[in-house]
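Q: Here it is: the structure, laid out below.
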Amino acid sequence: MQAFTLPDFYLPYPARINPQLERARAHSAAWAERMGMLDAPKPGGGVVWDAAALSKMDYALMCAYTHPDCDGPALDLITDWYVWVFFFDDHFLEQFKYSRDLGGAKAYLDRLGLFMTMDEEIPPEPENPAEAGLKDLWERTVPAMSRGWRRRFIASTHNLMVESMWELDNIDRGRIANPIEYVQMRRKVGGAPWSANLVEYAVGAEIPDQLAETRPIQVLTDTFSDAVHLRNDLFSYQREVQEEGENSNAVLVFERFLDCPTQQAAELVNDLLTSRLQQFENTALIEVPALLAESAVPPHEQFGVGAYVKGLQDWQAGGHEWHARSSRYMNEGAAGTGVLGGPNGLGTSAGRLSFSPGLRTKARQHAHRPFQPVGPLPVPELYMPFPVRTSRLLDAAREYSVGWAREMGFFDSLPGVEAGGVWDERRFVGIDLAHCASMIHADAGREQLYLSTDWLSWGTYGDDYYPLAFGGSRNLAAAKQLTDRLPAFMPLDAGETPPPTNPVERGLADLWRRTAGPMAEPARAQLRAAVEDMTQSWLWELLNQAQHRIPDPIDYAEMRRKTFGSDLTMSLGRLEVSAVVPPEVFQTRVLRELDTSAQDYAAFANDLYSYQKEIEYEGEVHNLVLVVENFLDVGRETAAGLVADLMHARLEQFEHVLANDLPKLCDDLSLDAAAREGLRRHAAELEDWMSGILEWHRRCVRYTEPELRRNRFPGLSSVPLSVSRVAV
């Protein structure tokens with residue numbers, strides 16, 4: 001029996017098939033035999049694959065469905081790549097996942113990486129079919145592609161190979177990832193970003209280098225990848241979880257995290273798959289055209305980007321059709337769900353009766369009624385194992401920060417903002433950002449604490465200013481004009497800046513002068529990138545607000561780190577550590593997971609405490625409690641409980657990485673004592689950052705109903721507010 005009934009899939013694009021299928025079948029079978037894949041032994045006897053098994057899995061059919069328009073030689077090469085990647089997955093499983101041989105697995109993966117060469121590098125001689133296949137494919141593929149594409153493809157291939165160690169380690173520990181960790185890591189081990197790179201080859205058009213790292217292109221790739229992986233998890237649950245004992249599957253992740261039956265978990269995974277496909281469509285139709293116009297991309301490159309989008313669309317349709325037909329997967333009842341005729345392309349989905357799952361999801365995203373009276377949200381008990389420490393300089397920072405905010409113009413009336421400005425002095429004192437800074441940087445000196453307080457003040461002011469000045473009027477053009485001016489106030493040479501025209505520019509110019517001056521240029525670039533990420537994310541919020549669209553859950557979680565300014569506040573505490581820890585260490589999976597788990601905990605705490613402020617008083621759609629309410633169709637208190645559970649899971653992941661993965665990383669990289677101590681300090685600063693931000697929310701009046709009423713109706717309350725804080 002099947003583990004569950006397959007859900008009703010959202011299928012917005014029809015599957016088509018490449019007429020070169022039979023040629024690719026014959027070619028790939030001969031190639032696999034030539035590489036030694038059809039007689040590779042298993043450790044316990046037998047072979048990984050034989051000719052009959054390869055024929056039954058029919059990867060040529062998958063590639064003919066997923067790349068319906070490329071010519072015969074291109075389809076041959078792409079099919080060989082997929083034969084290789086599936087062989088690698090099965091060979092790695094047989095050699096190491098069952099035996100839990102972590103050392104042997106690492107050595108195997110390290111050698112594979114040597115076969116993806118750049119420039120004049122020479123690979124070693126292959127010692128197994130996986131190495132032989134990769135060497136052959138690399139030599140046949142890279143001459144046709146640019147250096148930028150090779151760099152991206154090496155990264156994708158490296159991720160799907162090396163990050164398999166994460167899966168292996170979780171199996172060894174019997175550990176199931178939390179939902180956010182799972183999605184992030186599945187992109188690396190699942191291989192869909194790698195597939196997206198091959199789409200560029202198949203359509204004969206590369207993404208221009210200057211666009212490859214932009215949000216719209218990255219979201220296209222991420223949504224494509226997530227949809228591919230979630231679909232695969234639904235079809236492969238029975239084989240992977242019930243037969244092979246794997247625990248890297250979204251259905252299993254949802255089962256455990258939500259404590260729900262398998263069928264319900266499968267339906268929720270399908271809802272998330274639908275949401276990711278609709279995020280893909282929204283990005284392709286709204287954000288990508290704006291990017292092309294803004295970047296003045298020439299027509300032939302615009303055509304290439306369009307071909308890439310269509311190629312990803314074809315892959316989704318064909319990938320589903322292949323899963324529904326392949327012997328590799330649980331697919332009873334799925335055959336025939338693909339659509340082989342009818343209208344095709346972005347924008348045609350509303351006219352197709354098979355799209356009811358998508359229409360339901362899209363309707364929920366746009367159905368929220370803003371400014372609903374919701375009242376205070378009871379905040380669940382939150383897991384926090386780290387103590388709160390407070391700087392002895394808190395009172396001095398409080399007194400100083402009011403003068404700085406006044407000097408920057410934060411209390412002034414402004415065009416486009418209601419009378420009274422964004423803040424008044426009483427409101428600023430109530431927010432008490434000096435208290436927050438004194439807890440997240442408890443050991444800072446006087447000037448450092450003043451600087452940290454001012455950065456928090458500037459970021460919070462900007463976050464309040466954008467929706468007030470541009471949100472209600474939907475004036476995205478003016479918001480973008482301001483945002484585009486801000487980098488001029490952060491010169492990498494720490495030189496002159498233009499005259500500021502508003503408090504946002506004035507505050508940034510002052511902060512940059514005080515912060516960037518002592519920095520080396522790489523550190524300045526990192527800080528500027530963090531500020532730009534935050535200010536660009538405010539535009540993303542305005543765009544969703546203009547569309548009256550509750551964000552997709554994954555897009556929200558990832559963008560929340562930017563809208564919260566996590567990288568900015570963390571980077572201020574990382575300056576001293578950066579002097580002793582090599583910069584590439586911060587790019588490893590271990591450090592990224594350590595940082596993002598902490599970022600999510602703090603940002604989601606803000607969403608719990610700010611729920612009434614944002615939903616009832618500001619008409620916002622950017623709050624995780626609301627996102628969970630909408631996605632799971634549950635009440636706000638249930639949603640708040642799930643947010644608290646997710647915070648707990650992310651903090652437990654932080655502790656797991658700190659106790660297990662970080663020491664191993666230090667050993668693997670042979671870091672010296674100074675670097676190890678620097679990483680220990682970095683982790684301790686993250687602990688202070690999380691506990692301090694949580695404590696600030698517990699004590700700050702910003703989110704209390706009396707303060708919310710006062711700010712909506714200035715003058716109703718004349719009760720004086722003491723600078724000293726009391727617990728709320």
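So you can find residues: chains in the structure tokens are A, B, ... in the order shown, residues in each start at 1, and ligands are numbered from 1 in order.
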Residues within 10 Å of Thr283 of chain A, please, as a ChimeraX atom specification. Count only C-alpha atoms; anything in the same chain fewer than 2 positions from it doesn't count.
A: /A:215-220,223,277-281,285-290
Q: Using only C-alpha atoms, find each residue of segment 225-330 of chain A with at least one atom at most 10 Å away from an atom of segment 177-189 of chain A; report its shortest atom-to-atom pair and that distance in Å (one decimal), sort the rows by chain and rising residue number, and return the result as a Markdown table.
A:
```
| residue | atom | partner | partner_atom | distance |
| --- | --- | --- | --- | --- |
| A:Ser225 | CA | A:Arg187 | CA | 6.2 |
| A:Asp226 | CA | A:Arg187 | CA | 6.7 |
| A:Val228 | CA | A:Arg187 | CA | 9.5 |
| A:His229 | CA | A:Arg186 | CA | 7.2 |
| A:Leu230 | CA | A:Val183 | CA | 9.0 |
| A:Asn247 | CA | A:Ala177 | CA | 8.4 |
| A:Ser248 | CA | A:Tyr182 | CA | 7.6 |
| A:Asn249 | CA | A:Tyr182 | CA | 8.2 |
| A:Ala250 | CA | A:Tyr182 | CA | 7.4 |
| A:Leu252 | CA | A:Ala177 | CA | 9.5 |
| A:Val253 | CA | A:Pro179 | CA | 6.3 |
| A:Phe254 | CA | A:Pro179 | CA | 7.1 |
| A:Arg256 | CA | A:Asn178 | CA | 8.8 |
| A:Phe257 | CA | A:Asn178 | CA | 6.9 |
| A:Leu258 | CA | A:Pro179 | CA | 9.9 |
```
Q: Can you pull out every residue within 10 Å of Val585 of chain A, counting only C-alpha atoms, but drop anything in the same chain fewer than 3 positions away, and send it as a PyMOL selection string?
A: chain A and resi 578+581-582+588-592+665-666+669+671+675+679
Q: Would you mind exporting the chosen residues as a JSON list (two decimals), in the first residue's frame, restricted to all heavy atoms?
A:
```json
[["chain", "number", "residue", "atom", "x", "y", "z"],
["A", 578, "SER", "N", 36.43, 39.38, 13.24],
["A", 578, "SER", "CA", 36.89, 39.26, 11.86],
["A", 578, "SER", "C", 38.40, 39.39, 11.73],
["A", 578, "SER", "O", 38.98, 38.94, 10.74],
["A", 578, "SER", "CB", 36.21, 40.32, 10.99],
["A", 578, "SER", "OG", 34.81, 40.15, 10.99],
["A", 581, "VAL", "N", 39.44, 35.52, 12.60],
["A", 581, "VAL", "CA", 38.77, 34.39, 11.93],
["A", 581, "VAL", "C", 38.81, 34.64, 10.43],
["A", 581, "VAL", "O", 38.36, 35.69, 9.96],
["A", 581, "VAL", "CB", 37.32, 34.25, 12.40],
["A", 581, "VAL", "CG1", 36.63, 33.10, 11.66],
["A", 581, "VAL", "CG2", 37.25, 34.02, 13.90],
["A", 582, "PRO", "N", 39.35, 33.70, 9.63],
["A", 582, "PRO", "CA", 39.38, 33.89, 8.17],
["A", 582, "PRO", "C", 37.98, 34.14, 7.62],
["A", 582, "PRO", "O", 37.01, 33.48, 8.04],
["A", 582, "PRO", "CB", 39.96, 32.56, 7.66],
["A", 582, "PRO", "CG", 40.72, 32.00, 8.81],
["A", 582, "PRO", "CD", 39.97, 32.44, 10.04],
["A", 588, "THR", "N", 30.80, 29.19, 5.47],
["A", 588, "THR", "CA", 30.53, 27.75, 5.56],
["A", 588, "THR", "C", 29.09, 27.51, 6.00],
["A", 588, "THR", "O", 28.44, 28.37, 6.58],
["A", 588, "THR", "CB", 31.47, 27.07, 6.56],
["A", 588, "THR", "OG1", 31.27, 27.65, 7.86],
["A", 588, "THR", "CG2", 32.94, 27.26, 6.15],
["A", 589, "ARG", "N", 28.61, 26.30, 5.73],
["A", 589, "ARG", "CA", 27.27, 25.93, 6.16],
["A", 589, "ARG", "C", 27.11, 26.08, 7.66],
["A", 589, "ARG", "O", 26.08, 26.58, 8.15],
["A", 589, "ARG", "CB", 26.97, 24.47, 5.76],
["A", 589, "ARG", "CG", 25.62, 23.98, 6.29],
["A", 589, "ARG", "CD", 25.44, 22.49, 6.10],
["A", 589, "ARG", "NE", 26.35, 21.70, 6.90],
["A", 589, "ARG", "CZ", 26.16, 21.41, 8.20],
["A", 589, "ARG", "NH1", 25.10, 21.88, 8.83],
["A", 589, "ARG", "NH2", 27.02, 20.66, 8.86],
["A", 590, "VAL", "N", 28.12, 25.68, 8.40],
["A", 590, "VAL", "CA", 28.01, 25.69, 9.86],
["A", 590, "VAL", "C", 27.77, 27.10, 10.39],
["A", 590, "VAL", "O", 26.88, 27.34, 11.21],
["A", 590, "VAL", "CB", 29.28, 25.08, 10.49],
["A", 590, "VAL", "CG1", 29.28, 25.25, 12.01],
["A", 590, "VAL", "CG2", 29.39, 23.60, 10.13],
["A", 591, "LEU", "N", 28.56, 28.07, 9.92],
["A", 591, "LEU", "CA", 28.38, 29.44, 10.40],
["A", 591, "LEU", "C", 27.09, 30.05, 9.87],
["A", 591, "LEU", "O", 26.43, 30.82, 10.58],
["A", 591, "LEU", "CB", 29.59, 30.28, 10.00],
["A", 591, "LEU", "CG", 30.72, 30.40, 11.05],
["A", 591, "LEU", "CD1", 30.22, 31.16, 12.28],
["A", 591, "LEU", "CD2", 31.25, 29.05, 11.48],
["A", 592, "ARG", "N", 26.72, 29.72, 8.64],
["A", 592, "ARG", "CA", 25.45, 30.25, 8.11],
["A", 592, "ARG", "C", 24.27, 29.74, 8.93],
["A", 592, "ARG", "O", 23.35, 30.49, 9.24],
["A", 592, "ARG", "CB", 25.28, 29.88, 6.63],
["A", 592, "ARG", "CG", 26.13, 30.71, 5.68],
["A", 592, "ARG", "CD", 25.61, 30.57, 4.25],
["A", 592, "ARG", "NE", 25.58, 29.19, 3.81],
["A", 592, "ARG", "CZ", 26.60, 28.56, 3.22],
["A", 592, "ARG", "NH1", 27.72, 29.22, 2.98],
["A", 592, "ARG", "NH2", 26.49, 27.31, 2.84],
["A", 665, "LEU", "N", 34.02, 21.66, 12.61],
["A", 665, "LEU", "CA", 34.49, 22.58, 11.57],
["A", 665, "LEU", "C", 35.87, 23.11, 11.90],
["A", 665, "LEU", "O", 36.75, 23.18, 11.02],
["A", 665, "LEU", "CB", 33.50, 23.74, 11.42],
["A", 665, "LEU", "CG", 33.90, 24.83, 10.42],
["A", 665, "LEU", "CD1", 33.78, 24.32, 9.00],
["A", 665, "LEU", "CD2", 33.05, 26.10, 10.62],
["A", 666, "CYS", "N", 36.08, 23.48, 13.15],
["A", 666, "CYS", "CA", 37.40, 23.98, 13.56],
["A", 666, "CYS", "C", 38.48, 22.94, 13.32],
["A", 666, "CYS", "O", 39.59, 23.27, 12.86],
["A", 666, "CYS", "CB", 37.37, 24.38, 15.04],
["A", 666, "CYS", "SG", 36.37, 25.84, 15.39],
["A", 669, "LEU", "N", 39.08, 22.43, 9.45],
["A", 669, "LEU", "CA", 39.81, 23.54, 8.82],
["A", 669, "LEU", "C", 41.15, 23.81, 9.50],
["A", 669, "LEU", "O", 41.87, 24.73, 9.09],
["A", 669, "LEU", "CB", 38.95, 24.81, 8.86],
["A", 669, "LEU", "CG", 37.62, 24.75, 8.11],
["A", 669, "LEU", "CD1", 36.88, 26.08, 8.24],
["A", 669, "LEU", "CD2", 37.83, 24.40, 6.64],
["A", 671, "LEU", "N", 41.87, 25.21, 12.31],
["A", 671, "LEU", "CA", 41.94, 26.60, 12.78],
["A", 671, "LEU", "C", 42.84, 26.70, 14.00],
["A", 671, "LEU", "O", 42.88, 25.81, 14.85],
["A", 671, "LEU", "CB", 40.55, 27.11, 13.12],
["A", 671, "LEU", "CG", 39.55, 27.19, 11.96],
["A", 671, "LEU", "CD1", 38.21, 27.73, 12.45],
["A", 671, "LEU", "CD2", 40.08, 28.05, 10.82],
["A", 675, "ALA", "N", 41.65, 31.80, 16.21],
["A", 675, "ALA", "CA", 40.42, 31.70, 15.42],
["A", 675, "ALA", "C", 39.34, 30.96, 16.19],
["A", 675, "ALA", "O", 38.16, 31.35, 16.17],
["A", 675, "ALA", "CB", 40.71, 31.00, 14.10],
["A", 679, "LEU", "N", 35.69, 32.45, 17.25],
["A", 679, "LEU", "CA", 34.38, 31.84, 16.99],
["A", 679, "LEU", "C", 33.60, 31.61, 18.28],
["A", 679, "LEU", "O", 32.37, 31.74, 18.29],
["A", 679, "LEU", "CB", 34.57, 30.51, 16.24],
["A", 679, "LEU", "CG", 35.04, 30.65, 14.79],
["A", 679, "LEU", "CD1", 35.32, 29.28, 14.19],
["A", 679, "LEU", "CD2", 34.00, 31.38, 13.95]]
```
Q: Would you pick out the contacts of Leu93 of chain A at 12 Å or less, using only C-alpha atoms, so that residues sharing its chain but fewer than 3 positions from it are not included, and give the list as a ChimeraX atom specification?
A: /A:42-43,48,86-90,96-102,105,161,164-165,167-168,171,240,244-246
Q: Using only C-alpha atoms, which protein or nucleic acid residues come within 12 Å of Asp395 of chain A? Drop anything in the same chain fewer than 2 positions from it, and give the result as an MDAnalysis selection string.
A: chainID A and resid 390:393 397:402 429 432:435 437:438 446 449:450 453 723:725
Q: Go ahead and dump the residues you just picked, N, CA, C and O atoms, as an mmCIF file, in the first residue's frame.
A:
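Output contents, as saved in out-v6.cif:
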```
data_model
loop_
_atom_site.group_PDB
_atom_site.id
_atom_site.type_symbol
_atom_site.label_atom_id
_atom_site.label_comp_id
_atom_site.auth_asym_id
_atom_site.auth_seq_id
_atom_site.Cartn_x
_atom_site.Cartn_y
_atom_site.Cartn_z
ATOM 1 N N THR A 390 23.548 43.270 30.973
ATOM 2 C CA THR A 390 23.275 44.665 30.636
ATOM 3 C C THR A 390 24.504 45.520 30.907
ATOM 4 O O THR A 390 25.164 45.372 31.949
ATOM 5 N N SER A 391 24.802 46.412 29.973
ATOM 6 C CA SER A 391 25.957 47.300 30.115
ATOM 7 C C SER A 391 25.755 48.266 31.279
ATOM 8 O O SER A 391 24.663 48.793 31.507
ATOM 9 N N ARG A 392 26.820 48.534 31.991
ATOM 10 C CA ARG A 392 26.786 49.532 33.067
ATOM 11 C C ARG A 392 26.634 50.945 32.517
ATOM 12 O O ARG A 392 26.382 51.895 33.270
ATOM 13 N N LEU A 393 26.781 51.102 31.196
ATOM 14 C CA LEU A 393 26.698 52.424 30.569
ATOM 15 C C LEU A 393 25.303 52.719 30.035
ATOM 16 O O LEU A 393 25.118 53.663 29.264
ATOM 17 N N ALA A 397 23.923 55.962 27.752
ATOM 18 C CA ALA A 397 23.495 55.760 26.363
ATOM 19 C C ALA A 397 22.080 56.273 26.154
ATOM 20 O O ALA A 397 21.762 56.842 25.103
ATOM 21 N N ARG A 398 21.205 56.090 27.147
ATOM 22 C CA ARG A 398 19.850 56.614 27.036
ATOM 23 C C ARG A 398 19.857 58.132 26.887
ATOM 24 O O ARG A 398 19.175 58.700 26.026
ATOM 25 N N GLU A 399 20.609 58.786 27.727
ATOM 26 C CA GLU A 399 20.647 60.249 27.688
ATOM 27 C C GLU A 399 21.244 60.740 26.369
ATOM 28 O O GLU A 399 20.712 61.663 25.737
ATOM 29 N N TYR A 400 22.325 60.107 25.932
ATOM 30 C CA TYR A 400 22.981 60.514 24.690
ATOM 31 C C TYR A 400 22.071 60.308 23.481
ATOM 32 O O TYR A 400 21.992 61.156 22.587
ATOM 33 N N SER A 401 21.365 59.174 23.429
ATOM 34 C CA SER A 401 20.637 58.795 22.216
ATOM 35 C C SER A 401 19.513 59.774 21.895
ATOM 36 O O SER A 401 19.201 59.999 20.721
ATOM 37 N N VAL A 402 18.894 60.367 22.921
ATOM 38 C CA VAL A 402 17.820 61.326 22.669
ATOM 39 C C VAL A 402 18.372 62.540 21.934
ATOM 40 O O VAL A 402 17.772 63.036 20.970
ATOM 41 N N VAL A 429 11.732 57.826 23.584
ATOM 42 C CA VAL A 429 12.151 57.402 24.920
ATOM 43 C C VAL A 429 11.484 56.071 25.287
ATOM 44 O O VAL A 429 12.094 55.184 25.879
ATOM 45 N N ASP A 432 13.165 53.004 23.696
ATOM 46 C CA ASP A 432 14.318 52.651 24.543
ATOM 47 C C ASP A 432 15.307 51.715 23.850
ATOM 48 O O ASP A 432 15.647 50.647 24.350
ATOM 49 N N LEU A 433 15.773 52.145 22.697
ATOM 50 C CA LEU A 433 16.722 51.319 21.939
ATOM 51 C C LEU A 433 18.092 51.253 22.608
ATOM 52 O O LEU A 433 18.864 50.325 22.351
ATOM 53 N N ALA A 434 18.388 52.209 23.474
ATOM 54 C CA ALA A 434 19.632 52.120 24.244
ATOM 55 C C ALA A 434 19.618 50.884 25.142
ATOM 56 O O ALA A 434 20.658 50.237 25.344
ATOM 57 N N HIS A 435 18.448 50.560 25.687
ATOM 58 C CA HIS A 435 18.340 49.353 26.509
ATOM 59 C C HIS A 435 18.633 48.108 25.677
ATOM 60 O O HIS A 435 19.349 47.203 26.120
ATOM 61 N N ALA A 437 20.459 47.937 22.894
ATOM 62 C CA ALA A 437 21.892 47.927 22.563
ATOM 63 C C ALA A 437 22.732 47.520 23.762
ATOM 64 O O ALA A 437 23.746 46.815 23.618
ATOM 65 N N SER A 438 22.321 47.943 24.967
ATOM 66 C CA SER A 438 23.127 47.629 26.154
ATOM 67 C C SER A 438 23.092 46.151 26.497
ATOM 68 O O SER A 438 23.969 45.652 27.211
ATOM 69 N N ARG A 446 32.055 52.946 25.807
ATOM 70 C CA ARG A 446 31.083 54.027 25.721
ATOM 71 C C ARG A 446 30.760 54.390 24.274
ATOM 72 O O ARG A 446 29.592 54.423 23.870
ATOM 73 N N LEU A 449 28.950 51.614 22.415
ATOM 74 C CA LEU A 449 27.552 51.475 22.809
ATOM 75 C C LEU A 449 26.714 52.605 22.216
ATOM 76 O O LEU A 449 25.586 52.381 21.760
ATOM 77 N N TYR A 450 27.247 53.815 22.186
ATOM 78 C CA TYR A 450 26.529 54.917 21.555
ATOM 79 C C TYR A 450 26.291 54.610 20.073
ATOM 80 O O TYR A 450 25.196 54.846 19.548
ATOM 81 N N THR A 453 23.631 51.919 19.664
ATOM 82 C CA THR A 453 22.312 52.495 19.931
ATOM 83 C C THR A 453 21.832 53.323 18.748
ATOM 84 O O THR A 453 20.657 53.248 18.343
ATOM 85 N N VAL A 723 11.935 57.657 31.961
ATOM 86 C CA VAL A 723 13.002 57.061 31.157
ATOM 87 C C VAL A 723 13.340 55.673 31.672
ATOM 88 O O VAL A 723 13.741 54.798 30.927
ATOM 89 N N SER A 724 13.162 55.439 32.975
ATOM 90 C CA SER A 724 13.443 54.105 33.495
ATOM 91 C C SER A 724 12.372 53.133 33.015
ATOM 92 O O SER A 724 11.218 53.494 32.860
ATOM 93 N N ARG A 725 12.776 51.885 32.768
ATOM 94 C CA ARG A 725 11.876 50.903 32.183
ATOM 95 C C ARG A 725 11.259 50.020 33.259
ATOM 96 O O ARG A 725 11.892 49.712 34.270
#
```
Q: With only C-alpha atoms as the basis for distance, which of A:Trp49, A:Tyr65, A:Trp315, A:Tyr461 is at the shortest distance from Gln20 of chain A?
A: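 Ranked by minimum distance to Gln20 of chain A, first place goes to A:Tyr65.
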Q: Choose the residue, out of A:Val531, A:Ala442, A:Cys436, A:Ala525, that has the smallest atom-to-atom separation from Arg699 of chain A; count only C-alpha atoms.
A: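 Checking each candidate against Arg699 of chain A, we get A:Cys436 as the closest.
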Q: Measuring between only C-alpha atoms, which one of A:Arg485, A:Arg524, A:His656, A:Arg710 shows the shortest distance to Glu505 of chain A?
A: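 Result for the nearest residue to Glu505 of chain A: A:Arg485.
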Q: Could you state the separation of atom CA of Ser597 of chain A and atom CA of Arg650 of chain A in Å, given to one decimal place?
A: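 Between these atoms lies a distance of 5.1 Å.
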Q: Would you kindly return, as a ChimeraX atom specification, each protein, DNA or RNA residue with an atom no farther than 8 Å from any atom of Glu131 of chain A, considering only C-alpha atoms and excluding same-chain residues fewer than 5 positions away?
A: /A:112,115,126
Q: Any chance you can output those residues with C-alpha atoms as a tab-separated table (two decimals), in the first residue's frame?
A:
```tsv
chain	number	residue	atom	x	y	z
A	112	LEU	CA	35.08	14.26	-6.63
A	115	PHE	CA	37.29	16.85	-11.32
A	126	PRO	CA	39.32	8.55	-12.03
```
Q: With the cut-off set at 12 Å and counting only C-alpha atoms, tabulate each residue of segment 606-697 of chain A with an atom at most that distance from an atom of segment 369-385 of chain A, showing the nearest atom pair and its distance in Å to one decimal, ordered by chain and increasing number, as JSON lines.
A:
```
{"residue": "A:Asn606", "atom": "CA", "partner": "A:Val379", "partner_atom": "CA", "distance": 10.7}
{"residue": "A:Asp607", "atom": "CA", "partner": "A:Val379", "partner_atom": "CA", "distance": 10.1}
{"residue": "A:Leu608", "atom": "CA", "partner": "A:Val379", "partner_atom": "CA", "distance": 6.3}
{"residue": "A:Tyr609", "atom": "CA", "partner": "A:Val379", "partner_atom": "CA", "distance": 7.0}
{"residue": "A:Ser610", "atom": "CA", "partner": "A:Leu377", "partner_atom": "CA", "distance": 8.7}
{"residue": "A:Tyr611", "atom": "CA", "partner": "A:Leu377", "partner_atom": "CA", "distance": 6.7}
{"residue": "A:Gln612", "atom": "CA", "partner": "A:Pro376", "partner_atom": "CA", "distance": 5.7}
{"residue": "A:Lys613", "atom": "CA", "partner": "A:Pro376", "partner_atom": "CA", "distance": 8.7}
{"residue": "A:Glu614", "atom": "CA", "partner": "A:Phe371", "partner_atom": "CA", "distance": 8.5}
{"residue": "A:Ile615", "atom": "CA", "partner": "A:Phe371", "partner_atom": "CA", "distance": 5.9}
{"residue": "A:Glu616", "atom": "CA", "partner": "A:Phe371", "partner_atom": "CA", "distance": 4.3}
{"residue": "A:Tyr617", "atom": "CA", "partner": "A:Phe371", "partner_atom": "CA", "distance": 5.9}
{"residue": "A:Glu618", "atom": "CA", "partner": "A:Phe371", "partner_atom": "CA", "distance": 6.6}
{"residue": "A:Gly619", "atom": "CA", "partner": "A:Pro370", "partner_atom": "CA", "distance": 4.5}
{"residue": "A:Glu620", "atom": "CA", "partner": "A:Pro370", "partner_atom": "CA", "distance": 6.9}
{"residue": "A:Val621", "atom": "CA", "partner": "A:Pro370", "partner_atom": "CA", "distance": 7.9}
{"residue": "A:His622", "atom": "CA", "partner": "A:Pro370", "partner_atom": "CA", "distance": 11.4}
{"residue": "A:Val625", "atom": "CA", "partner": "A:Leu377", "partner_atom": "CA", "distance": 9.9}
{"residue": "A:Leu626", "atom": "CA", "partner": "A:Pro370", "partner_atom": "CA", "distance": 11.2}
{"residue": "A:Asn630", "atom": "CA", "partner": "A:Arg369", "partner_atom": "CA", "distance": 11.7}
{"residue": "A:Gly635", "atom": "CA", "partner": "A:Val374", "partner_atom": "CA", "distance": 11.1}
{"residue": "A:Arg636", "atom": "CA", "partner": "A:Leu377", "partner_atom": "CA", "distance": 7.9}
{"residue": "A:Glu637", "atom": "CA", "partner": "A:Leu377", "partner_atom": "CA", "distance": 7.3}
{"residue": "A:Thr638", "atom": "CA", "partner": "A:Pro380", "partner_atom": "CA", "distance": 10.0}
{"residue": "A:Ala639", "atom": "CA", "partner": "A:Pro380", "partner_atom": "CA", "distance": 10.5}
{"residue": "A:Ala640", "atom": "CA", "partner": "A:Pro380", "partner_atom": "CA", "distance": 7.1}
{"residue": "A:Gly641", "atom": "CA", "partner": "A:Pro380", "partner_atom": "CA", "distance": 6.2}
{"residue": "A:Leu642", "atom": "CA", "partner": "A:Pro380", "partner_atom": "CA", "distance": 9.5}
{"residue": "A:Val643", "atom": "CA", "partner": "A:Pro380", "partner_atom": "CA", "distance": 9.1}
{"residue": "A:Ala644", "atom": "CA", "partner": "A:Leu382", "partner_atom": "CA", "distance": 6.2}
{"residue": "A:Asp645", "atom": "CA", "partner": "A:Leu382", "partner_atom": "CA", "distance": 8.3}
{"residue": "A:Leu646", "atom": "CA", "partner": "A:Leu382", "partner_atom": "CA", "distance": 10.2}
{"residue": "A:Met647", "atom": "CA", "partner": "A:Tyr383", "partner_atom": "CA", "distance": 7.8}
{"residue": "A:His648", "atom": "CA", "partner": "A:Tyr383", "partner_atom": "CA", "distance": 5.7}
{"residue": "A:Ala649", "atom": "CA", "partner": "A:Tyr383", "partner_atom": "CA", "distance": 9.3}
{"residue": "A:Arg650", "atom": "CA", "partner": "A:Tyr383", "partner_atom": "CA", "distance": 10.3}
{"residue": "A:Leu651", "atom": "CA", "partner": "A:Tyr383", "partner_atom": "CA", "distance": 7.9}
{"residue": "A:Glu652", "atom": "CA", "partner": "A:Tyr383", "partner_atom": "CA", "distance": 9.2}
{"residue": "A:Phe654", "atom": "CA", "partner": "A:Pro385", "partner_atom": "CA", "distance": 11.4}
{"residue": "A:Glu655", "atom": "CA", "partner": "A:Pro385", "partner_atom": "CA", "distance": 9.8}
{"residue": "A:Glu687", "atom": "CA", "partner": "A:Pro385", "partner_atom": "CA", "distance": 8.9}
{"residue": "A:Asp688", "atom": "CA", "partner": "A:Pro385", "partner_atom": "CA", "distance": 10.8}
{"residue": "A:Trp689", "atom": "CA", "partner": "A:Met384", "partner_atom": "CA", "distance": 11.6}
{"residue": "A:Met690", "atom": "CA", "partner": "A:Met384", "partner_atom": "CA", "distance": 8.3}
{"residue": "A:Ser691", "atom": "CA", "partner": "A:Met384", "partner_atom": "CA", "distance": 6.8}
{"residue": "A:Gly692", "atom": "CA", "partner": "A:Met384", "partner_atom": "CA", "distance": 10.4}
{"residue": "A:Ile693", "atom": "CA", "partner": "A:Met384", "partner_atom": "CA", "distance": 11.1}
{"residue": "A:Leu694", "atom": "CA", "partner": "A:Met384", "partner_atom": "CA", "distance": 8.5}
{"residue": "A:Glu695", "atom": "CA", "partner": "A:Met384", "partner_atom": "CA", "distance": 10.0}
{"residue": "A:His697", "atom": "CA", "partner": "A:Val379", "partner_atom": "CA", "distance": 10.9}
```
Q: Excluding segment 234-237 of chain A and its own-chain neighbours fewer than 3 positions away, which residues fall within 6 Å of it when counting only C-alpha atoms? Please give them as a list in words.
A: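 In the requested format, the answer is Arg231, Glu240, Val241, Tyr329 and Met330 of chain A.
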Q: Calculated over only C-alpha atoms, which of the candidates A:Leu114, A:Met570, A:Ile554, A:Ala293 has the smallest distance to Leu272 of chain A?
A: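 The shortest atom-to-atom distance to Leu272 of chain A comes from A:Ile554.
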